[in-house]
Each structure stands twice: as structure tokens, then as C-alpha cells.
file final-v2.cif (mmCIF, C-alpha atoms)
data_start
#
loop_
_atom_site.label_atom_id
_atom_site.label_comp_id
_atom_site.auth_asym_id
_atom_site.auth_seq_id
_atom_site.Cartn_x
_atom_site.Cartn_y
_atom_site.Cartn_z
CA MET A 9 31.22 -17.80 -38.54
CA PRO A 10 33.97 -20.27 -37.53
CA VAL A 11 37.39 -19.36 -38.91
CA ALA A 12 40.29 -21.72 -39.68
CA ASP A 13 43.96 -20.90 -40.10
CA ALA A 14 45.32 -23.38 -42.65
CA HIS A 15 49.01 -22.54 -42.13
CA THR A 16 50.54 -20.77 -39.17
CA HIS A 17 53.65 -20.74 -36.99
CA SER A 18 54.42 -20.11 -33.35
CA ASN A 19 57.59 -19.00 -31.59
CA PRO A 20 57.45 -18.96 -27.78
CA VAL A 21 61.16 -18.04 -27.67
CA LYS A 22 61.08 -14.80 -29.69
CA GLY A 23 57.37 -14.13 -30.09
CA LEU A 24 54.05 -14.62 -28.33
CA GLY A 25 53.74 -18.39 -28.49
CA MET A 26 50.51 -20.36 -28.58
CA SER A 27 49.73 -19.70 -24.93
CA LYS A 28 48.87 -16.13 -26.05
CA ILE A 29 48.02 -16.64 -29.73
CA ALA A 30 45.51 -19.46 -29.38
CA PRO A 31 43.13 -17.76 -26.89
CA LYS A 32 43.02 -14.59 -29.01
CA PHE A 33 42.29 -16.61 -32.14
CA LYS A 34 39.60 -18.60 -30.33
CA GLU A 35 37.99 -15.35 -29.15
CA ALA A 36 37.97 -14.06 -32.75
CA GLY A 37 36.02 -17.11 -33.94
CA GLY A 38 38.90 -19.50 -34.56
CA TRP A 39 38.16 -23.22 -34.42
CA PHE A 40 41.10 -24.84 -36.24
CA LEU A 41 44.73 -24.16 -37.06
CA ALA A 42 47.45 -26.05 -38.91
CA LEU A 43 50.64 -25.44 -36.95
CA VAL A 44 53.76 -25.67 -39.11
CA GLY A 45 57.18 -25.99 -37.48
CA LEU A 46 59.88 -23.39 -37.92
CA SER A 47 63.57 -24.07 -38.52
CA PRO A 48 65.85 -24.56 -35.47
CA TRP A 49 67.53 -21.14 -35.65
CA HIS A 50 64.17 -19.45 -35.05
CA TYR A 51 64.40 -21.01 -31.58
CA ASP A 52 68.14 -20.24 -31.22
CA LEU A 53 68.96 -23.92 -31.79
CA GLU A 54 71.73 -25.29 -33.99
CA PRO A 55 70.77 -26.82 -37.38
CA THR A 56 71.86 -30.31 -36.40
CA LEU A 57 69.69 -33.43 -36.45
CA ASP A 58 69.31 -33.06 -32.70
CA GLY A 59 68.39 -29.41 -33.19
CA TYR A 60 65.68 -30.34 -35.68
CA GLU A 61 64.20 -32.96 -33.37
CA LYS A 62 64.22 -30.53 -30.45
CA THR A 63 62.42 -27.98 -32.66
CA LEU A 64 59.89 -30.61 -33.72
CA LYS A 65 59.19 -31.38 -30.07
CA LYS A 66 58.74 -27.68 -29.32
CA THR A 67 56.24 -27.51 -32.18
CA LEU A 68 54.29 -30.40 -30.65
CA GLU A 69 54.31 -28.59 -27.30
CA GLU A 70 52.89 -25.48 -28.96
CA ALA A 71 50.19 -27.62 -30.60
CA ARG A 72 49.26 -28.97 -27.18
CA ARG A 73 48.92 -25.43 -25.84
CA ALA A 74 46.64 -24.52 -28.73
CA ARG A 75 44.43 -27.55 -28.04
CA GLU A 76 44.22 -26.55 -24.39
CA SER A 77 42.65 -23.30 -25.59
CA GLY A 78 39.87 -25.25 -27.29
CA LEU A 79 41.20 -25.27 -30.85
CA LYS A 80 41.46 -28.27 -33.14
CA VAL A 81 45.04 -28.56 -34.37
CA LYS A 82 47.03 -30.45 -36.97
CA THR A 83 50.82 -30.30 -36.69
CA LEU A 84 53.37 -30.35 -39.52
CA PHE A 85 57.14 -30.33 -39.64
CA GLY A 86 59.58 -30.34 -42.57
CA PHE A 87 62.80 -29.14 -44.14
CA HIS A 88 62.32 -25.66 -45.60
CA PRO A 89 64.01 -24.69 -48.90
CA ALA A 90 65.77 -21.91 -46.98
CA ASP A 91 67.33 -24.61 -44.80
CA VAL A 92 68.98 -25.99 -47.94
CA ASP A 93 70.59 -22.63 -48.63
CA LYS A 94 71.66 -22.14 -45.03
CA LEU A 95 73.47 -25.48 -44.95
CA ALA A 96 74.85 -25.20 -48.49
CA GLY A 97 77.46 -22.72 -47.30
CA SER A 98 79.12 -25.31 -45.09
CA MET A 99 78.31 -28.65 -46.79
CA GLU A 100 78.77 -30.25 -50.18
CA PRO A 101 75.49 -30.51 -52.11
CA GLU A 102 75.19 -34.27 -51.67
CA LYS A 103 75.69 -33.84 -47.92
CA VAL A 104 72.93 -31.22 -47.75
CA LEU A 105 70.59 -33.62 -49.54
CA GLU A 106 71.59 -36.46 -47.23
CA PHE A 107 71.01 -34.27 -44.19
CA GLY A 108 67.60 -33.07 -45.41
CA LEU A 109 66.47 -36.65 -46.02
CA LYS A 110 67.64 -37.60 -42.52
CA VAL A 111 65.44 -34.81 -41.13
CA LEU A 112 62.56 -36.35 -43.07
CA ASP A 113 63.46 -39.70 -41.47
CA ILE A 114 62.83 -38.08 -38.09
CA VAL A 115 59.58 -36.57 -39.34
CA GLU A 116 58.45 -39.92 -40.71
CA LYS A 117 59.13 -41.57 -37.34
CA TYR A 118 56.76 -39.10 -35.68
CA LEU A 119 54.17 -39.61 -38.44
CA LYS A 120 54.35 -43.35 -37.91
CA GLU A 121 53.86 -42.90 -34.17
CA GLY A 122 50.83 -40.69 -34.79
CA LEU A 123 52.44 -37.65 -33.17
CA LEU A 124 52.61 -35.57 -36.36
CA ASP A 125 49.91 -34.99 -38.97
CA GLY A 126 51.91 -33.80 -41.95
CA ILE A 127 55.12 -32.55 -43.53
CA GLY A 128 55.82 -28.89 -44.11
CA GLU A 129 57.28 -26.80 -45.25
CA VAL A 130 59.11 -28.36 -48.16
CA GLY A 131 59.36 -27.14 -51.74
CA ARG A 132 61.39 -24.63 -53.73
CA GLN A 133 63.00 -21.27 -53.07
CA HIS A 134 61.05 -18.19 -54.18
CA TYR A 135 64.21 -16.08 -54.37
CA LYS A 136 67.49 -16.18 -56.32
CA THR A 137 69.65 -19.11 -55.30
CA ASN A 138 72.15 -21.62 -56.64
CA PRO A 139 70.43 -23.91 -59.16
CA VAL A 140 71.87 -26.91 -57.31
CA SER A 141 69.95 -25.80 -54.21
CA VAL A 142 66.73 -25.93 -56.22
CA VAL A 143 67.51 -29.49 -57.32
CA ILE A 144 68.19 -30.51 -53.70
CA SER A 145 64.97 -28.87 -52.58
CA GLU A 146 62.95 -30.65 -55.26
CA LEU A 147 64.40 -34.04 -54.33
CA ILE A 148 63.46 -33.39 -50.71
CA MET A 149 59.98 -32.24 -51.76
CA ASN A 150 59.44 -35.42 -53.79
CA SER A 151 60.57 -37.56 -50.87
CA ALA A 152 58.22 -35.72 -48.52
CA ILE A 153 55.23 -36.27 -50.82
CA GLU A 154 56.07 -39.95 -51.21
CA ARG A 155 56.45 -40.46 -47.46
CA ALA A 156 53.30 -38.53 -46.58
CA LYS A 157 51.04 -40.61 -48.80
CA ASP A 158 51.95 -43.73 -46.82
CA TYR A 159 50.39 -42.17 -43.72
CA GLY A 160 47.54 -40.19 -45.28
CA ALA A 161 49.42 -37.07 -44.19
CA VAL A 162 49.16 -33.58 -45.63
CA VAL A 163 52.16 -31.80 -47.22
CA HIS A 164 52.59 -28.01 -47.35
CA LEU A 165 54.65 -26.73 -50.26
CA HIS A 166 56.68 -23.51 -50.19
CA LEU A 167 57.00 -22.39 -53.81
CA GLU A 168 57.73 -19.57 -56.18
CA GLN A 169 54.82 -17.42 -57.41
CA GLY A 170 55.05 -18.93 -60.90
CA GLY A 171 51.39 -18.81 -61.84
CA LYS A 172 50.33 -21.41 -64.37
CA VAL A 173 53.83 -22.89 -64.71
CA THR A 174 54.07 -23.65 -60.99
CA ALA A 175 50.55 -25.10 -60.93
CA ILE A 176 51.22 -27.39 -63.90
CA ASP A 177 54.49 -28.59 -62.38
CA ILE A 178 52.92 -29.44 -59.02
CA LYS A 179 49.90 -31.12 -60.61
CA LYS A 180 52.14 -33.35 -62.73
CA ARG A 181 54.47 -33.99 -59.78
CA VAL A 182 51.58 -35.10 -57.57
CA GLU A 183 50.24 -37.34 -60.34
CA SER A 184 53.65 -38.91 -61.04
CA LEU A 185 54.15 -39.67 -57.33
CA SER A 186 50.61 -41.13 -57.07
CA ALA A 187 49.82 -38.85 -54.14
CA PRO A 188 46.24 -37.92 -53.18
CA PRO A 189 45.86 -34.41 -54.65
CA HIS A 190 43.77 -33.09 -51.75
CA LYS A 191 46.67 -33.76 -49.36
CA VAL A 192 49.27 -31.62 -51.17
CA VAL A 193 48.81 -27.92 -50.40
CA VAL A 194 50.30 -25.06 -52.42
CA HIS A 195 50.93 -22.74 -49.49
CA HIS A 196 50.95 -18.91 -49.64
CA ALA A 197 49.57 -18.65 -53.20
CA ARG A 198 48.57 -15.19 -54.36
CA GLY A 199 47.16 -13.52 -57.45
CA LYS A 200 47.79 -15.47 -60.63
CA SER A 201 49.39 -18.32 -58.70
CA LEU A 202 46.28 -18.84 -56.59
CA ALA A 203 44.04 -18.59 -59.64
CA ALA A 204 46.17 -21.13 -61.53
CA ALA A 205 46.18 -23.54 -58.58
CA VAL A 206 42.39 -23.37 -58.32
CA GLU A 207 42.04 -23.80 -62.09
CA GLU A 208 44.30 -26.88 -62.07
CA GLY A 209 42.37 -28.44 -59.20
CA LEU A 210 45.15 -28.04 -56.64
CA VAL A 211 44.63 -27.31 -52.97
CA ALA A 212 46.04 -23.89 -52.07
CA THR A 213 46.13 -21.39 -49.23
CA VAL A 214 46.02 -17.61 -49.57
CA PRO A 215 47.44 -15.15 -47.00
CA GLY A 216 44.68 -13.62 -44.91
CA VAL A 217 45.62 -10.00 -45.57
CA LYS A 218 42.60 -8.05 -46.75
CA GLY A 219 43.97 -7.12 -50.16
CA SER A 220 44.82 -10.72 -51.02
CA LEU A 221 41.43 -11.88 -49.78
CA GLU A 222 39.56 -9.26 -51.81
CA ARG A 223 41.26 -10.53 -54.96
CA ALA A 224 40.80 -14.17 -54.00
CA ILE A 225 37.02 -14.03 -53.44
CA SER A 226 36.46 -13.59 -57.17
CA LEU A 227 37.57 -17.24 -57.54
CA PRO A 228 35.58 -20.40 -56.81
CA PRO A 229 35.91 -21.19 -53.07
CA ASN A 230 38.34 -24.05 -53.63
CA TYR A 231 41.14 -22.83 -51.38
CA MET A 232 41.81 -22.08 -47.71
CA VAL A 233 43.08 -19.05 -45.78
CA GLU A 234 46.28 -18.79 -43.74
CA SER A 235 47.96 -16.28 -41.46
CA ASP A 236 51.52 -17.54 -42.13
CA HIS A 237 53.03 -15.25 -39.51
CA ILE A 238 56.30 -16.50 -38.01
CA ASP A 239 55.59 -14.96 -34.61
CA ASP A 240 58.71 -12.83 -34.53
CA PRO A 241 58.26 -9.07 -33.88
CA LYS A 242 61.51 -8.36 -35.72
CA ARG A 243 60.15 -9.97 -38.92
CA PRO A 244 56.49 -8.99 -39.28
CA GLY A 245 56.49 -9.37 -43.08
CA VAL A 246 53.24 -8.94 -45.01
CA VAL A 247 51.26 -11.55 -43.13
CA VAL A 248 48.97 -11.34 -40.14
CA TYR A 249 48.27 -12.97 -36.82
CA PRO A 250 45.40 -15.51 -36.87
CA TRP A 251 42.92 -13.20 -35.13
CA GLU A 252 43.67 -10.45 -37.66
CA MET A 253 43.12 -12.95 -40.47
CA ALA A 254 39.73 -13.79 -38.92
CA LYS A 255 38.85 -10.10 -38.59
CA ASN A 256 39.67 -9.44 -42.25
CA GLN A 257 37.32 -12.18 -43.43
CA LEU A 258 34.48 -11.06 -41.17
CA GLU A 259 34.93 -7.48 -42.40
CA LEU A 260 34.44 -8.66 -45.97
CA LEU A 261 31.29 -10.44 -44.81
CA ARG A 262 29.93 -7.32 -43.11
CA GLU A 263 30.77 -5.21 -46.16
CA GLY A 264 28.72 -7.57 -48.32
CA LYS A 265 31.68 -8.53 -50.49
CA VAL A 266 31.34 -12.22 -49.64
CA ASP A 267 28.57 -14.38 -48.19
CA GLU A 268 28.53 -16.88 -45.33
CA GLU A 269 28.26 -19.88 -47.65
CA TYR A 270 31.51 -18.90 -49.40
CA LEU A 271 33.38 -18.36 -46.13
CA TRP A 272 32.03 -21.63 -44.72
CA LYS A 273 33.50 -23.44 -47.71
CA LEU A 274 36.93 -21.84 -47.09
CA ASN A 275 36.97 -22.24 -43.34
CA VAL A 276 35.12 -25.50 -42.73
CA ASP A 277 34.36 -27.70 -45.74
CA ASN A 278 37.82 -27.45 -47.35
CA VAL A 279 39.60 -27.77 -44.00
CA VAL A 280 37.63 -30.90 -43.11
CA LYS A 281 38.48 -32.47 -46.48
CA VAL A 282 42.21 -31.66 -46.42
CA PHE A 283 43.05 -32.14 -42.76
CA GLY A 284 40.55 -34.85 -41.85
CA VAL A 285 39.08 -33.08 -38.83
CA THR A 286 35.48 -33.12 -37.68
CA PRO A 287 33.64 -29.84 -38.36
CA PRO A 288 32.84 -27.41 -35.55
#

call {"tool": "encode", "arguments": {"input": "final-v2.cif", "output": "C-alpha cells"}}
result
Amino acid sequence: MPVADAHTHSNPVKGLGMSKIAPKFKEAGGWFLALVGLSPWHYDLEPTLDGYEKTLKKTLEEARRARESGLKVKTLFGFHPADVDKLAGSMEPEKVLEFGLKVLDIVEKYLKEGLLDGIGEVGRQHYKTNPVSVVISELIMNSAIERAKDYGAVVHLHLEQGGKVTAIDIKKRVESLSAPPHKVVVHHARGKSLAAAVEEGLVATVPGVKGSLERAISLPPNYMVESDHIDDPKRPGVVVYPWEMAKNQLELLREGKVDEEYLWKLNVDNVVKVFGVTPP
């Protein structure tokens, strides 16, 4: 059973990096991963425009290493909602917005040159923050969606776990921006949020931890699975490395809790549709 990771990160500075991650994922049945760039400080770089472009280039280097291991890869880079908060302490709100849009200018340049495949992460904070920061983040999210549609690029959204309310908002936002709905991904959706996204016809990804997967498989197979690790041993979080994500799905298959047709839909059919790759 081929396994895809629809949203993952890599940090060769503080973590394992793709030179170690990709071969282990390939060995576990991995065939595809969507590599999403981290913010500059994850690489000990300053959050300047130059720092963002250097981080973007490092992300592209990591994607190349993953391809060298035999994986198909799509690469995304964006301006995370947490970046808004980090810069808000030293900039006026309008300057944070201006800076975030300039980062998207860099991203768009790489999209135009065919070096990037999508924008991510952008979206809203899932924690308490200044309301102005949410407004800034939403303006950046809207700009990202608008830019991506011009290149047929995918967008990964970092959002609150707002269930039906979040799903309705994103559905209406995508419609109002005339974006192709299968190219806008509600990333890291769980529980009621995943169920609402599926019900509203949105594309979503669920973390590949076994508990989340066991709850998700009661839904129609209209989502994808992600590891969403940030490859930092100091911040393991509740997510998993790609090979662990693969193992969790195959365990559910062996336990008879899910069948091959369902997993094929998650790991191949949906991935091919969203990311535009040829199947394994």
C-alpha cells in the first residue's frame, strides 16, 4: 500500500533533515510528500526578507534530497500566522501586513519560475492573540489564495479547530475569491473540524496519529493524511514522523478497521487530484 504525506516539514539544522527522513519514509511505503517550509527562526535565521528567501531556498534543497530518495515531492512556502505575532512586537500592524505581502511576492516569483508548487502555511492563529493579528493573517491568507489560483498552485491553511464555523468560512472565502476548491487545503483538521470540512466539500488533512486516524476513518475518504512534524527533537508535539504515520495506517489495515480501497483513496486518488502528480 503506497502512503503519502500531505503536509510535512524538514529541519536539517536542528533535526534529521530529508537526507535521513526521506529514505525511512520510502522504506515504510512512502511514495509522495508535500514539503512545507518552516519560518526562518527554525533555521536560526533572522525574520528579514533575505532570511525568508534563504529559508525558502533551504526548503527547495530539502525537496531535492527527498526526490533523490525516490519520492515524488511538491514544495510549499508561506507566511505562517505565528510569523504575524512574532513581528507584531516590533512593527506597527500595517508594517507587518506590508512585510507579509512582500514575503508572498518572493513566493510568487518562485511559483512563476516553476520552482515552487504552492503556498503554505497561511491562515489564522489557533491560539489567543491580538484581534488585529487575526485581521492581518486573514488579509495575507486571502492574498495567498488569489495568487495561487493564477498558477494552479495549492494553498495549505493553518486554522483554528472551529468545526462547522471554520468550514463555512473557508468555503465562502474560497468561493468569493473564485479559487479552485480542490487546491485549498484545510491543514491539520481533527474531530469535528475534519468532519465539517468533509461535509462542506473542502479538502482537508488529518494528523497521522493513530487516535485521530481511528476517528477519521468513520468519514467518507475525502481527505488526506499528514505527519506535520517540524523535525525538531525539542518540540515533538502530538504529531509523528512520516514513517510512523505510514505504520499507523498499515496497522489499521492489518487490524481490519479499514480496507485497502479506503486507504488508496486517501493516499493516492486524493493526492493525485490535489497536487497534480502522477500516481505510483

call {"tool": "residues_around", "arguments": {"input": "final-v2.cif", "residues": "segment 263-280 of chain A", "least_positions_apart": "5", "cutoff": "8 Å", "atoms": "only C-alpha atoms", "output": "ChimeraX atom specification"}}
result
/A:9-14,225,229-233,257,285-288

call {"tool": "closest_atom_pairs", "arguments": {"input": "final-v2.cif", "of": "segment 184-256 of chain A", "to": "segment 163-166 of chain A", "cutoff": "12 Å", "atoms": "only C-alpha atoms", "output": "JSON lines"}}
result
{"residue": "A:Ala187", "atom": "CA", "partner": "A:Val163", "partner_atom": "CA", "distance": 10.2}
{"residue": "A:Pro188", "atom": "CA", "partner": "A:Val163", "partner_atom": "CA", "distance": 10.4}
{"residue": "A:Pro189", "atom": "CA", "partner": "A:Val163", "partner_atom": "CA", "distance": 10.1}
{"residue": "A:His190", "atom": "CA", "partner": "A:Val163", "partner_atom": "CA", "distance": 9.6}
{"residue": "A:Lys191", "atom": "CA", "partner": "A:Val163", "partner_atom": "CA", "distance": 6.2}
{"residue": "A:Val192", "atom": "CA", "partner": "A:Val163", "partner_atom": "CA", "distance": 4.9}
{"residue": "A:Val193", "atom": "CA", "partner": "A:His164", "partner_atom": "CA", "distance": 4.9}
{"residue": "A:Val194", "atom": "CA", "partner": "A:Leu165", "partner_atom": "CA", "distance": 5.1}
{"residue": "A:His195", "atom": "CA", "partner": "A:Leu165", "partner_atom": "CA", "distance": 5.5}
{"residue": "A:His196", "atom": "CA", "partner": "A:His166", "partner_atom": "CA", "distance": 7.4}
{"residue": "A:Ala197", "atom": "CA", "partner": "A:His166", "partner_atom": "CA", "distance": 9.1}
{"residue": "A:Leu210", "atom": "CA", "partner": "A:Leu165", "partner_atom": "CA", "distance": 11.5}
{"residue": "A:Val211", "atom": "CA", "partner": "A:His164", "partner_atom": "CA", "distance": 9.8}
{"residue": "A:Ala212", "atom": "CA", "partner": "A:His164", "partner_atom": "CA", "distance": 9.1}
{"residue": "A:Thr213", "atom": "CA", "partner": "A:His164", "partner_atom": "CA", "distance": 9.4}
{"residue": "A:Glu234", "atom": "CA", "partner": "A:His164", "partner_atom": "CA", "distance": 11.7}
{"residue": "A:Asp236", "atom": "CA", "partner": "A:His166", "partner_atom": "CA", "distance": 11.3}

call {"tool": "closest_atom_pairs", "arguments": {"input": "final-v2.cif", "of": "segment 156-274 of chain A", "to": "segment 133-143 of chain A", "cutoff": "8 Å", "atoms": "all atoms listed in the file", "output": "CSV"}}
result
residue,atom,partner,partner_atom,distance
A:His166,CA,A:Gln133,CA,7.3
A:Leu167,CA,A:His134,CA,5.8
A:Glu168,CA,A:His134,CA,4.1
A:Gln169,CA,A:His134,CA,7.1

call {"tool": "resolve_selection", "arguments": {"input": "final-v2.cif", "expression": "the PyMOL selection byres ((chain A and resi 67) around 8)", "output": "PyMOL selection string"}}
result
chain A and resi 18+43-46+63-66+68-71+83

call {"tool": "resolve_selection", "arguments": {"input": "final-v2.cif", "expression": "the PyMOL selection byres ((chain A and resi 171) around 7)", "output": "PDB file with C-alpha atoms, in the coordinates of the input"}}
result
ATOM      1  CA  GLN A 169      54.820 -17.420 -57.410  1.00  0.00           C
ATOM      2  CA  GLY A 170      55.050 -18.930 -60.900  1.00  0.00           C
ATOM      3  CA  LYS A 172      50.330 -21.410 -64.370  1.00  0.00           C
ATOM      4  CA  VAL A 173      53.830 -22.890 -64.710  1.00  0.00           C
ATOM      5  CA  THR A 174      54.070 -23.650 -60.990  1.00  0.00           C
ATOM      6  CA  ALA A 175      50.550 -25.100 -60.930  1.00  0.00           C
ATOM      7  CA  LYS A 200      47.790 -15.470 -60.630  1.00  0.00           C
ATOM      8  CA  SER A 201      49.390 -18.320 -58.700  1.00  0.00           C
ATOM      9  CA  ALA A 204      46.170 -21.130 -61.530  1.00  0.00           C
TER      10      ALA A 204
END

call {"tool": "atom_distance", "arguments": {"input": "final-v2.cif", "atom1": "atom CA of Ser220 of chain A", "atom2": "atom CA of Phe87 of chain A"}}
result
26.6 Å

call {"tool": "closest_residue", "arguments": {"input": "final-v2.cif", "among": "A:Glu54, A:Glu146, A:Glu76, A:Glu207", "to": "Gly108 of chain A", "atoms": "only C-alpha atoms"}}
result
A:Glu146

call {"tool": "residues_around", "arguments": {"input": "final-v2.cif", "residues": "Leu105 of chain A", "least_positions_apart": "2", "cutoff": "8 Å", "atoms": "all atoms listed in the file", "output": "JSON, numbers by chain"}}
result
{"A": [92, 101, 102, 103, 107, 108, 109, 144, 145, 147, 148]}

call {"tool": "closest_residue", "arguments": {"input": "final-v2.cif", "among": "A:Arg132, A:Asp177, A:Ile153, A:Lys94", "to": "Glu116 of chain A", "atoms": "only C-alpha atoms"}}
result
A:Ile153

call {"tool": "atom_distance", "arguments": {"input": "final-v2.cif", "atom1": "atom CA of His88 of chain A", "atom2": "atom CA of Asn19 of chain A"}}
result
16.2 Å

call {"tool": "closest_residue", "arguments": {"input": "final-v2.cif", "among": "A:Lys34, A:Arg198, A:Lys157, A:Lys62", "to": "Ala224 of chain A", "atoms": "only C-alpha atoms"}}
result
A:Arg198
